[in-house]
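Novice: I have a structure I would like to understand better, so I am pasting it below and will then ask my questions one at a time.
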Amino acid sequence: MLPPASHTPYLPPHPARGTPYHRYVLLLLPHEDPNAKLSLPSGPLERNDFDVRSFLQEHALRTDGGGAFMWRAVWDEESSRIWREVISGHLFHLIWKSDVDFIVENPEPRYGYLPKPDYYTALKEVKKYT
């Protein structure tokens, strides 16, 4: 059994509601020295303009061998559960109000257009032919 990786917290894929599908890539690459420990930053890596080739060179990772996996995901109820139980628990705002501390969870983000109102909702419940 492998010990838990304390240097790299795992955040599951969680597409936001209202966004199109997301593409995820997982690369498993061998290291020059299998017993060496990678020196990764303690915080998250910068995602914008991330260069895989420079990351491979900087950390002495090889491209002969290993594996790659790619998948797509869209929002579903599981994404909302991940937001509630994993992400929102770590992201919170502390509000000071009348000498009492309140922790308010960040709401799950929603993107896209607002749903159009259905003006015929009341008519749908009325029987057409009596």
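Each chain of the structure tokens is named A, B, ... in the order shown, its residues numbered from 1; ligands are numbered from 1 in display order.
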Give me, as a list of chain:residue names, all polymer residues having an atom no more than 7 Å from stretch 18-32 of chain A, counting only C-alpha atoms and skipping those fewer than 4 positions away in the same chain.
Specialist: A:Ala60, A:Leu61, A:Arg62, A:Thr63, A:Gly65, A:Gly66, A:Gly67, A:Ala68, A:Phe69, A:Met70, A:Trp71, A:Arg72, A:Ala73, A:Val74, A:Arg110, A:Tyr111, A:Gly112
Novice: Give me the residues within 12 Å of A:Glu58 as a VMD selection string, counting only C-alpha atoms and dropping any in the same chain fewer than 4 places off.
Specialist: chain A and resid 31 to 32 38 to 40 51 to 54 62
Novice: Quick one: of A:Asp76, A:Asp33, A:Glu46, A:Glu125, who's nearest to A:His14, counting only C-alpha atoms?
Specialist: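 Checking each candidate against A:His14, we get A:Asp76 as the closest.
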